[in-house]
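Visitor: What follows is a structure written as structure tokens; I'll ask about it next.
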Amino acid sequence: MKVLLVNGSPHQNGSTSLALEEAEQVLNRNGIETERLWLGVKAVQGCIACGKCRKLGKCVFNDVVNEVNERADEFDALIIGSPVYYGGPCSQITAFLDRLFYSGGKKYHKKLGAAVVSCRRGGATASFERLNKYFEMNNMPVVTSQYWNQIHGNNREEAMQDLEGRQTMRTMAENMSWLLKCIEAGRAAGVKDPEYEPRIGMNFIR
Ligand SMILES: Cc1cc2nc3c(=O)[nH]c(=O)nc-3n(C[C@H](O)[C@H](O)[C@H](O)COP(=O)(O)O)c2cc1C
């Protein structure tokens with residue numbers, strides 16, 4: 001079992017990273033492998049809505065998005081981390097996720113998802129909800145915690161002092177570990193994965 005933790009912050013070791021690390025330690029303690037992906041400081045290309053991924057099966061921009069999609073089978077869950085910028089997730093993470101899910105959404109069906117956000121003061125829940133939306137329309141059970149997964153602080157040192165926020169991350173990771181093990185045990189016992197109907201798409205004008 002392996003979990004991919006994505007840090008969308010331009011700070012490799014800032015508050016968002018701290019939140020991800022809290023979760024990672026619990027996953028590892030529960031015998032679950034982890035891999036961290038930092039999106040870096042260079043702009044991540046956004047989706048240009050060319051629709052070519054539908055034919056190609058991958059994005060026309062050959063970058064980290066295609067790399068993760070090609071390796072999707074290796075991961076059983078995703079944890080997505082972002083700082084709050086003006087009340088929403090940062091542009092790096094939304095550019096990455098828009099293209100990841102538009103070109104490879106089906107690859108993540110039945111994998112678990114959790115979002116974590118960091119902020120100085122406000123906008124955490126709006127950002128958290130925005131990130132959860134990627135999971136909610138991709139058949140990804142969302143892993144919850146004792147509170148919404150948010151940590152407060154303008155930098156790592158301040159976020160270290162948010163004991164409740166750090167605990168929230170650890171609780172989420174406990175829940176994720178438990179659910180991953182339940183799914184594995186269920187499959188071993190013969191519980192079948194969900195089978196989905198062919199997708200109906202309606203845009204309400206035809
Ligand atoms: C462009 C920008 C916009 C921000 N907007 C908000 C905001 O709306 N609300 C807030 O509480 N903090 C805001 N912040 C502060 C960051 O969310 C906060 O410092 C966060 O912990 C940084 O995480 P990091 O250390 O992982 O980069 C903003 C920071 C930047 C650079």
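Residues are referred to by chain and number: the chain letter is A, B, ... according to the order shown in the structure tokens, the number counts from 1 in that chain, and ligands are numbered separately from 1 in the order shown.
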Using only C-alpha atoms and all ligand atoms, what are the residues with an atom within 8 Å of ligand 1, set out as JSON, numbers by chain?
Guide: {"A": [7, 8, 9, 10, 11, 12, 13, 14, 15, 16, 17, 18, 82, 83, 84, 85, 86, 87, 88, 90, 118, 119, 120, 121, 122, 123, 124, 151, 152, 153, 154, 155, 156, 159]}
Visitor: Give me a file of those residues, with N, CA, C and O atoms, as a short mmCIF file (atom, residue, chain, number, x, y, z; two decimals), in the first residue's frame.
Guide:
data_model
loop_
_atom_site.label_atom_id
_atom_site.label_comp_id
_atom_site.auth_asym_id
_atom_site.auth_seq_id
_atom_site.Cartn_x
_atom_site.Cartn_y
_atom_site.Cartn_z
N ASN A 7 2.67 18.29 -2.43
CA ASN A 7 2.78 19.62 -1.81
C ASN A 7 2.75 20.69 -2.91
O ASN A 7 3.69 20.80 -3.69
N GLY A 8 1.67 21.47 -2.95
CA GLY A 8 1.54 22.50 -3.98
C GLY A 8 2.16 23.83 -3.59
O GLY A 8 2.13 24.78 -4.38
N SER A 9 2.70 23.92 -2.39
CA SER A 9 3.27 25.19 -1.95
C SER A 9 4.62 25.46 -2.61
O SER A 9 5.39 24.53 -2.82
N PRO A 10 4.92 26.75 -2.87
CA PRO A 10 6.27 27.06 -3.35
C PRO A 10 7.33 26.85 -2.28
O PRO A 10 8.52 26.81 -2.58
N HIS A 11 6.91 26.72 -1.02
CA HIS A 11 7.86 26.43 0.07
C HIS A 11 7.94 24.92 0.28
O HIS A 11 6.99 24.31 0.75
N GLN A 12 9.09 24.37 -0.02
CA GLN A 12 9.21 22.91 0.08
C GLN A 12 9.03 22.42 1.51
O GLN A 12 8.53 21.32 1.73
N ASN A 13 9.46 23.24 2.47
CA ASN A 13 9.40 22.81 3.88
C ASN A 13 8.59 23.78 4.74
O ASN A 13 8.95 24.03 5.89
N GLY A 14 7.54 24.34 4.20
CA GLY A 14 6.72 25.31 4.94
C GLY A 14 5.61 24.65 5.73
O GLY A 14 5.70 23.48 6.13
N SER A 15 4.53 25.41 5.95
CA SER A 15 3.42 24.91 6.77
C SER A 15 2.69 23.75 6.09
O SER A 15 2.28 22.81 6.77
N THR A 16 2.52 23.83 4.79
CA THR A 16 1.81 22.76 4.08
C THR A 16 2.61 21.46 4.20
O THR A 16 2.05 20.39 4.45
N SER A 17 3.91 21.60 4.06
CA SER A 17 4.78 20.42 4.19
C SER A 17 4.67 19.84 5.59
O SER A 17 4.60 18.61 5.76
N LEU A 18 4.62 20.70 6.60
CA LEU A 18 4.51 20.21 7.98
C LEU A 18 3.23 19.38 8.14
O LEU A 18 3.25 18.30 8.74
N SER A 82 -2.14 22.21 0.03
CA SER A 82 -2.01 23.54 -0.59
C SER A 82 -2.04 24.63 0.47
O SER A 82 -2.81 24.54 1.44
N PRO A 83 -1.26 25.71 0.27
CA PRO A 83 -1.47 26.90 1.09
C PRO A 83 -2.73 27.61 0.59
O PRO A 83 -3.14 27.41 -0.56
N VAL A 84 -3.32 28.43 1.45
CA VAL A 84 -4.48 29.23 1.05
C VAL A 84 -3.98 30.55 0.47
O VAL A 84 -3.21 31.26 1.10
N TYR A 85 -4.39 30.83 -0.76
CA TYR A 85 -4.06 32.11 -1.40
C TYR A 85 -5.38 32.81 -1.74
O TYR A 85 -6.15 32.32 -2.56
N TYR A 86 -5.59 33.94 -1.11
CA TYR A 86 -6.83 34.71 -1.34
C TYR A 86 -8.08 33.84 -1.22
O TYR A 86 -8.96 33.85 -2.07
N GLY A 87 -8.10 33.06 -0.18
CA GLY A 87 -9.30 32.28 0.12
C GLY A 87 -9.49 31.03 -0.73
O GLY A 87 -10.56 30.40 -0.66
N GLY A 88 -8.49 30.66 -1.50
CA GLY A 88 -8.61 29.43 -2.31
C GLY A 88 -7.28 28.69 -2.34
O GLY A 88 -6.28 29.19 -1.82
N CYS A 90 -3.76 27.33 -3.95
CA CYS A 90 -2.81 28.07 -4.80
C CYS A 90 -2.90 27.59 -6.26
O CYS A 90 -3.38 26.49 -6.54
N SER A 118 -3.10 24.91 4.47
CA SER A 118 -2.44 25.72 5.50
C SER A 118 -2.74 27.18 5.22
O SER A 118 -2.79 27.60 4.06
N CYS A 119 -2.95 27.94 6.27
CA CYS A 119 -3.18 29.37 6.07
C CYS A 119 -2.78 30.15 7.32
O CYS A 119 -2.64 29.58 8.40
N ARG A 120 -2.61 31.45 7.11
CA ARG A 120 -2.29 32.31 8.25
C ARG A 120 -3.51 32.47 9.13
O ARG A 120 -3.45 32.30 10.33
N ARG A 121 -4.68 32.77 8.46
CA ARG A 121 -5.85 33.12 9.27
C ARG A 121 -7.20 32.69 8.70
O ARG A 121 -8.02 32.14 9.41
N GLY A 122 -7.45 32.96 7.40
CA GLY A 122 -8.80 32.69 6.87
C GLY A 122 -8.79 32.06 5.49
O GLY A 122 -7.80 32.12 4.77
N GLY A 123 -9.91 31.46 5.14
CA GLY A 123 -10.06 30.88 3.79
C GLY A 123 -9.76 29.39 3.75
O GLY A 123 -9.76 28.78 2.67
N ALA A 124 -9.52 28.80 4.93
CA ALA A 124 -9.13 27.39 4.95
C ALA A 124 -10.27 26.48 4.48
O ALA A 124 -10.05 25.57 3.67
N ILE A 151 -4.26 23.66 8.90
CA ILE A 151 -3.24 24.03 9.88
C ILE A 151 -3.03 25.54 9.75
O ILE A 151 -3.08 26.07 8.64
N HIS A 152 -2.82 26.19 10.89
CA HIS A 152 -2.71 27.65 10.87
C HIS A 152 -1.30 28.11 11.22
O HIS A 152 -0.71 27.65 12.20
N GLY A 153 -0.80 29.05 10.42
CA GLY A 153 0.53 29.61 10.64
C GLY A 153 1.00 30.22 9.35
O GLY A 153 0.65 29.74 8.27
N ASN A 154 1.80 31.29 9.46
CA ASN A 154 2.27 31.94 8.24
C ASN A 154 3.54 31.29 7.72
O ASN A 154 3.98 31.57 6.62
N ASN A 155 4.10 30.41 8.53
CA ASN A 155 5.31 29.68 8.13
C ASN A 155 5.39 28.42 8.99
O ASN A 155 4.56 28.20 9.87
N ARG A 156 6.40 27.63 8.73
CA ARG A 156 6.53 26.35 9.43
C ARG A 156 6.59 26.52 10.96
O ARG A 156 5.96 25.77 11.70
N ALA A 159 3.21 27.29 12.31
CA ALA A 159 2.32 26.13 12.16
C ALA A 159 2.67 25.04 13.16
O ALA A 159 1.79 24.30 13.62
#
Visitor: Name all residues at most 10 Å from Glu21 (chain A) (count only C-alpha atoms; drop same-chain ones fewer than 6 positions away) and give them as a PDB file with N, CA and C atoms, in the first residue's frame.
Guide:
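Here's the written file result12.pdb:
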ATOM      1  N   LEU A   5       1.804  11.928  -1.542  1.00  0.00           N
ATOM      2  CA  LEU A   5       1.502  13.203  -0.868  1.00  0.00           C
ATOM      3  C   LEU A   5       2.029  14.338  -1.733  1.00  0.00           C
ATOM      4  N   ASN A  13       9.459  23.240   2.472  1.00  0.00           N
ATOM      5  CA  ASN A  13       9.399  22.813   3.877  1.00  0.00           C
ATOM      6  C   ASN A  13       8.594  23.783   4.739  1.00  0.00           C
ATOM      7  N   SER A  15       4.535  25.412   5.948  1.00  0.00           N
ATOM      8  CA  SER A  15       3.421  24.908   6.769  1.00  0.00           C
ATOM      9  C   SER A  15       2.692  23.751   6.093  1.00  0.00           C
ATOM     10  N   LEU A  27       1.123   7.342   8.664  1.00  0.00           N
ATOM     11  CA  LEU A  27       0.980   6.307   7.623  1.00  0.00           C
ATOM     12  C   LEU A  27       2.145   5.320   7.709  1.00  0.00           C
ATOM     13  N   ARG A  36       6.579  11.515  -1.518  1.00  0.00           N
ATOM     14  CA  ARG A  36       6.237  12.940  -1.536  1.00  0.00           C
ATOM     15  C   ARG A  36       6.551  13.549  -2.889  1.00  0.00           C
ATOM     16  N   ARG A 166      -2.089  20.083  13.788  1.00  0.00           N
ATOM     17  CA  ARG A 166      -1.176  18.946  13.568  1.00  0.00           C
ATOM     18  C   ARG A 166      -1.860  17.635  13.961  1.00  0.00           C
ATOM     19  N   MET A 169      -4.228  16.376  11.296  1.00  0.00           N
ATOM     20  CA  MET A 169      -3.551  15.656  10.198  1.00  0.00           C
ATOM     21  C   MET A 169      -3.262  14.213  10.599  1.00  0.00           C
ATOM     22  N   ARG A 170      -2.837  14.036  11.835  1.00  0.00           N
ATOM     23  CA  ARG A 170      -2.502  12.675  12.295  1.00  0.00           C
ATOM     24  C   ARG A 170      -3.760  11.803  12.364  1.00  0.00           C
TER      25      ARG A 170
END
Visitor: From the set A:Gly40, A:Ala126, A:Gly104, A:Glu195, which residue has the shortest atom-to-atom contact distance to Leu56 (chain A), counting only C-alpha atoms?
Guide: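 For Leu56 (chain A), the nearest of the candidates is A:Gly104.
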Visitor: Nearest to Leu97 (chain A): which of A:Cys59, A:Leu163, A:Val142, A:Leu112 is it, counting only C-alpha atoms?
Guide: A:Cys59
Visitor: Quick one: residues within 8 Å of Ala72 (chain A), only C-alpha atoms, excluding same-chain residues fewer than 3 positions away - as a ChimeraX atom specification?
Guide: /A:68-69,75,107-108
Visitor: Based on the backbone DSSP call, show me all residues of region 34-191 of chain A assigned alpha helix (DSSP H), as a ChimeraX atom specification.
Guide: /A:53-56,64-70,91-104,124-136,156-160,163-188
Visitor: For Arg54 (chain A), which residue out of A:Phe128, A:Phe135, A:Phe101, A:Trp148 is the nearest one, using only C-alpha atoms?
Guide: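 Ranked by minimum distance to Arg54 (chain A), first place goes to A:Phe101.
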Visitor: List the spatial neighbours of Tyr196 (chain A) as a list in words - criterion: any atom at most 10 Å away, only C-alpha atoms, same-chain residues fewer than 3 positions off excluded.
Guide: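 Using only C-alpha atoms, the neighbours found are Asn139, Asp193 and Arg199 of chain A.
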Visitor: Take the residues from that selection and put them in a file with all heavy atoms, as a short mmCIF file (atom, residue, chain, number, x, y, z; two decimals), in the first residue's frame.
Guide:
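As a result, selection19.cif now contains:
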data_model
loop_
_atom_site.label_atom_id
_atom_site.label_comp_id
_atom_site.auth_asym_id
_atom_site.auth_seq_id
_atom_site.Cartn_x
_atom_site.Cartn_y
_atom_site.Cartn_z
N ASN A 139 -15.06 9.28 -8.00
CA ASN A 139 -15.25 8.01 -7.28
C ASN A 139 -14.14 7.74 -6.27
O ASN A 139 -13.69 6.60 -6.11
CB ASN A 139 -15.34 6.84 -8.27
CG ASN A 139 -16.58 6.93 -9.12
OD1 ASN A 139 -17.68 7.06 -8.60
ND2 ASN A 139 -16.42 6.89 -10.43
N ASP A 193 -14.93 -5.02 -6.00
CA ASP A 193 -14.88 -3.56 -6.17
C ASP A 193 -16.20 -3.10 -6.78
O ASP A 193 -16.87 -3.88 -7.45
CB ASP A 193 -13.75 -3.19 -7.13
CG ASP A 193 -12.40 -3.19 -6.42
OD1 ASP A 193 -12.33 -3.64 -5.26
OD2 ASP A 193 -11.42 -2.74 -7.03
N ARG A 199 -21.17 5.91 -18.20
CA ARG A 199 -21.42 7.26 -17.71
C ARG A 199 -22.47 7.97 -18.56
O ARG A 199 -22.41 7.96 -19.78
CB ARG A 199 -20.09 8.04 -17.76
CG ARG A 199 -20.12 9.46 -17.32
CD ARG A 199 -20.12 9.55 -15.80
NE ARG A 199 -20.24 10.93 -15.38
CZ ARG A 199 -19.23 11.68 -14.98
NH1 ARG A 199 -18.01 11.18 -14.93
NH2 ARG A 199 -19.42 12.94 -14.64
#
Visitor: Residues near Ile48 (chain A), anyone? I mean within 10 Å using only C-alpha atoms, not counting same-chain ones fewer than 2 positions away, as a list in words.
Guide: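 Contacts, in chain order: Gln45, Gly46, Cys50, Gly51, Lys52, Val60, Phe61, Asp98 and Arg99 of chain A.
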